[in-house]
Amino acid sequence: MKLNNKSSQIFIPSGIKNELALSQTTHLAIAAHQDDIELMALDGVLQCFAKSDKHFTGVVTADGAGSPRNGMYKDYSDNDIKKVRIAEQKKAAVIGEYSALVMLDYPSKEIKNSNNEKIIDDYVEILSATKPEYVYTHNLADKHDTHVAVAVKVIKAIRKLNDSQKPKKVYGCEVWRDLDWVLDSQKILFDTSSHPNISNALVEVFDSQITGGKRYDLAASGRRTAHATYGASHQVDNANSVNYAIDLTPLVYDKTLDIKQYILQYIKAFENDVIGKLNKLV
Ligand SMILES: [Zn+2]
């Protein structure tokens, strides 16, 4: 696999050959930052955890240099914090038994540059080497520009593949801004109840963020618990942890679909639902 950025890294927790670790992948997450995979693609990690026929690979696009830092990390340089975040991400890959972890090491600015084709080409390389059945990435209504930029580039990359090489499903997952607002009939629910110890550990290893004052560990499990409690779906009656996603698959198979119009449909459906209720009551 040939990646554009010389400083990109591939980490194989089990120590098997890179090629095998990549090619056996069934579930692939492509995220912006370190820890986004663990927040948004837990379903993929858990589906593959301790399985011999399913394998999870994670891709981190950003270099982590712009990460917020506080507490014991407050005097760390951009380079120091980058190293810490890479080490933390590797720990998560070990705990989650990832088949491979690919860290592309791009500055946020390059990710947000809509003319940057190098990142899209790297995604195409990774998708071709892994041929996953399922892809998890950010959703198009996320609050964080870098997250949305990754989602758009992932869609563009998958569009470049032949249909026979494309994943069965592409999920747009929640990190910054959850997907509670999406109509129940349109949202995808992942039951993330199994292995709560692993789910917690996967987020807790990111000490530089949590010690810095952001309790992502509590926020991630709190959100999943809230979704399980407030979610109306009968499919997950017994779940006590749920993550939401929207289906991005139509966008990768039909290149004529407009990315902006696609997410607007979800927003319009939400608007119609709210207004429809109020019309009967006001
Ligand atoms: Zn992020």
# chains A, B, ... in the order shown; residues from 1 in each chain; ligands from 1
$ residues_near_ligand --ligand "ligand 1" --cutoff "6 Å" --atoms "only C-alpha atoms and all ligand atoms" --output "list in words"
Ala32, His33 and Asp36 of chain A
$ select_by_dssp --residues "segment 56-242 of chain A" --states "strand (DSSP E or B)" --output "PDB file with C-alpha atoms, in the first residue's frame"
ATOM      1  CA  PHE A  56     -11.605  -4.043  12.339  1.00  0.00           C
ATOM      2  CA  THR A  57      -9.203  -1.471  10.907  1.00  0.00           C
ATOM      3  CA  GLY A  58      -9.074   2.185  11.934  1.00  0.00           C
ATOM      4  CA  VAL A  59      -7.749   5.154   9.982  1.00  0.00           C
ATOM      5  CA  VAL A  60      -6.823   8.460  11.653  1.00  0.00           C
ATOM      6  CA  THR A  61      -6.341  11.301   9.190  1.00  0.00           C
ATOM      7  CA  ALA A  62      -5.057  14.203  11.315  1.00  0.00           C
ATOM      8  CA  ALA A 100      -4.577  -2.517  11.617  1.00  0.00           C
ATOM      9  CA  LEU A 101      -4.340   1.124  12.543  1.00  0.00           C
ATOM     10  CA  VAL A 102      -3.353   3.586   9.811  1.00  0.00           C
ATOM     11  CA  MET A 103      -2.302   7.070  10.865  1.00  0.00           C
ATOM     12  CA  LEU A 104      -2.039   9.440   7.907  1.00  0.00           C
ATOM     13  CA  ASP A 105      -0.547  12.389   9.831  1.00  0.00           C
ATOM     14  CA  TYR A 106      -2.079  15.323   7.918  1.00  0.00           C
ATOM     15  CA  TYR A 134     -18.718  -1.736   6.218  1.00  0.00           C
ATOM     16  CA  VAL A 135     -17.254   1.758   6.447  1.00  0.00           C
ATOM     17  CA  TYR A 136     -17.786   4.097   9.391  1.00  0.00           C
ATOM     18  CA  THR A 137     -16.958   7.780   9.043  1.00  0.00           C
ATOM     19  CA  HIS A 138     -18.201  11.126  10.335  1.00  0.00           C
ATOM     20  CA  LYS A 169     -22.740   0.031   3.797  1.00  0.00           C
ATOM     21  CA  VAL A 170     -21.254   3.429   4.606  1.00  0.00           C
ATOM     22  CA  TYR A 171     -22.276   4.947   7.926  1.00  0.00           C
ATOM     23  CA  GLY A 172     -22.054   8.622   8.925  1.00  0.00           C
ATOM     24  CA  CYS A 173     -21.515   8.503  12.683  1.00  0.00           C
ATOM     25  CA  VAL A 175     -19.048  12.665  17.498  1.00  0.00           C
ATOM     26  CA  ARG A 177     -23.278  16.850  17.656  1.00  0.00           C
ATOM     27  CA  ILE A 188     -29.388   3.688  11.981  1.00  0.00           C
ATOM     28  CA  LEU A 189     -29.064   2.288  15.491  1.00  0.00           C
ATOM     29  CA  PHE A 190     -26.051   0.386  16.698  1.00  0.00           C
ATOM     30  CA  ASP A 191     -26.478  -1.678  19.819  1.00  0.00           C
ATOM     31  CA  VAL A 242     -26.786   2.810  21.529  1.00  0.00           C
TER      32      VAL A 242
END
$ residues_around --residues "Val150 of chain A" --least-positions-apart "2" --cutoff "9 Å" --atoms "only C-alpha atoms" --output "list in words"
Ile30, Ala31, Ala32, Thr61, Ile111, Lys112, Ile119, Thr137, His138, Asp145, Thr146, His147, Val148, Val152, Lys153, Val154 and Ile155 of chain A
$ residues_around --residues "Lys255 of chain A" --least-positions-apart "2" --cutoff "10 Å" --atoms "only C-alpha atoms" --output "ChimeraX atom specification"
/A:155-156,158-160,250-253,257-259
$ write_last_selection --atoms "N, CA, C and O atoms" --output "PDB file, in the first residue's frame"
ATOM      1  N   ILE A 155     -16.486   9.973   1.006  1.00  0.00           N
ATOM      2  CA  ILE A 155     -17.506   9.755  -0.036  1.00  0.00           C
ATOM      3  C   ILE A 155     -16.856   9.853  -1.420  1.00  0.00           C
ATOM      4  O   ILE A 155     -17.064   9.011  -2.292  1.00  0.00           O
ATOM      5  N   LYS A 156     -16.016  10.884  -1.604  1.00  0.00           N
ATOM      6  CA  LYS A 156     -15.359  11.061  -2.907  1.00  0.00           C
ATOM      7  C   LYS A 156     -14.435   9.882  -3.224  1.00  0.00           C
ATOM      8  O   LYS A 156     -14.332   9.458  -4.373  1.00  0.00           O
ATOM      9  N   ILE A 158     -14.690   6.702  -2.102  1.00  0.00           N
ATOM     10  CA  ILE A 158     -15.446   5.469  -2.408  1.00  0.00           C
ATOM     11  C   ILE A 158     -16.094   5.580  -3.790  1.00  0.00           C
ATOM     12  O   ILE A 158     -16.184   4.594  -4.525  1.00  0.00           O
ATOM     13  N   ARG A 159     -16.481   6.795  -4.148  1.00  0.00           N
ATOM     14  CA  ARG A 159     -17.061   6.990  -5.487  1.00  0.00           C
ATOM     15  C   ARG A 159     -16.075   6.618  -6.591  1.00  0.00           C
ATOM     16  O   ARG A 159     -16.474   6.297  -7.704  1.00  0.00           O
ATOM     17  N   LYS A 160     -14.785   6.714  -6.308  1.00  0.00           N
ATOM     18  CA  LYS A 160     -13.766   6.389  -7.324  1.00  0.00           C
ATOM     19  C   LYS A 160     -13.605   4.880  -7.544  1.00  0.00           C
ATOM     20  O   LYS A 160     -12.979   4.464  -8.515  1.00  0.00           O
ATOM     21  N   PRO A 250     -26.186   5.481  -0.279  1.00  0.00           N
ATOM     22  CA  PRO A 250     -26.674   5.949  -1.591  1.00  0.00           C
ATOM     23  C   PRO A 250     -25.714   6.939  -2.256  1.00  0.00           C
ATOM     24  O   PRO A 250     -25.558   6.930  -3.473  1.00  0.00           O
ATOM     25  N   LEU A 251     -25.047   7.758  -1.441  1.00  0.00           N
ATOM     26  CA  LEU A 251     -24.131   8.772  -1.990  1.00  0.00           C
ATOM     27  C   LEU A 251     -22.919   8.160  -2.691  1.00  0.00           C
ATOM     28  O   LEU A 251     -22.349   8.769  -3.592  1.00  0.00           O
ATOM     29  N   VAL A 252     -22.479   7.001  -2.241  1.00  0.00           N
ATOM     30  CA  VAL A 252     -21.276   6.420  -2.851  1.00  0.00           C
ATOM     31  C   VAL A 252     -21.603   5.601  -4.103  1.00  0.00           C
ATOM     32  O   VAL A 252     -20.758   5.424  -4.971  1.00  0.00           O
ATOM     33  N   TYR A 253     -22.839   5.104  -4.197  1.00  0.00           N
ATOM     34  CA  TYR A 253     -23.219   4.330  -5.386  1.00  0.00           C
ATOM     35  C   TYR A 253     -23.767   5.225  -6.500  1.00  0.00           C
ATOM     36  O   TYR A 253     -23.665   4.883  -7.660  1.00  0.00           O
ATOM     37  N   LEU A 257     -25.861  12.080  -7.005  1.00  0.00           N
ATOM     38  CA  LEU A 257     -26.513  12.632  -5.797  1.00  0.00           C
ATOM     39  C   LEU A 257     -25.665  13.763  -5.234  1.00  0.00           C
ATOM     40  O   LEU A 257     -24.454  13.622  -5.083  1.00  0.00           O
ATOM     41  N   ASP A 258     -26.321  14.878  -4.920  1.00  0.00           N
ATOM     42  CA  ASP A 258     -25.624  16.039  -4.389  1.00  0.00           C
ATOM     43  C   ASP A 258     -25.431  15.872  -2.873  1.00  0.00           C
ATOM     44  O   ASP A 258     -26.396  15.616  -2.142  1.00  0.00           O
ATOM     45  N   ILE A 259     -24.187  16.006  -2.431  1.00  0.00           N
ATOM     46  CA  ILE A 259     -23.877  15.756  -1.014  1.00  0.00           C
ATOM     47  C   ILE A 259     -24.651  16.716  -0.101  1.00  0.00           C
ATOM     48  O   ILE A 259     -25.187  16.318   0.935  1.00  0.00           O
TER      49      ILE A 259
END
$ closest_residue --among "A:His144, A:Lys118, A:His195, A:Lys17" --to "Asn4 of chain A" --atoms "only C-alpha atoms"
A:Lys118
$ residues_around --residues "Lys260 of chain A" --least-positions-apart "3" --cutoff "10 Å" --atoms "only C-alpha atoms" --output "PyMOL selection string"
chain A and resi 140-141+152+257+263-265
$ residues_around --residues "segment 81-88 of chain A" --least-positions-apart "4" --cutoff "8 Å" --atoms "only C-alpha atoms" --output "list in words"
Gln34, Asp63, Gly64, Ala65, Ser67, Arg69, Tyr73, Tyr76, Ser77, Ala92, Val205, Phe206, Asp207 and Ser208 of chain A
$ residues_around --residues "Val203 of chain A" --least-positions-apart "6" --cutoff "9 Å" --atoms "only C-alpha atoms" --output "PyMOL selection string"
chain A and resi 35+38-39+92+210+216-217+220
$ select_by_dssp --residues "segment 56-208 of chain A" --states "helix (DSSP H, G or I)" --output "ChimeraX atom specification"
/A:71-73,78-95,108-112,117-130,145-159,163-165,196-204,207-208
$ atom_distance --atom1 "atom CA of Phe11 of chain A" --atom2 "atom CA of Glu204 of chain A"
19.9 Å
$ closest_residue --among "A:Gln165, A:Gln9, A:Asn238, A:Ser14" --to "Ala129 of chain A" --atoms "only C-alpha atoms"
A:Gln165
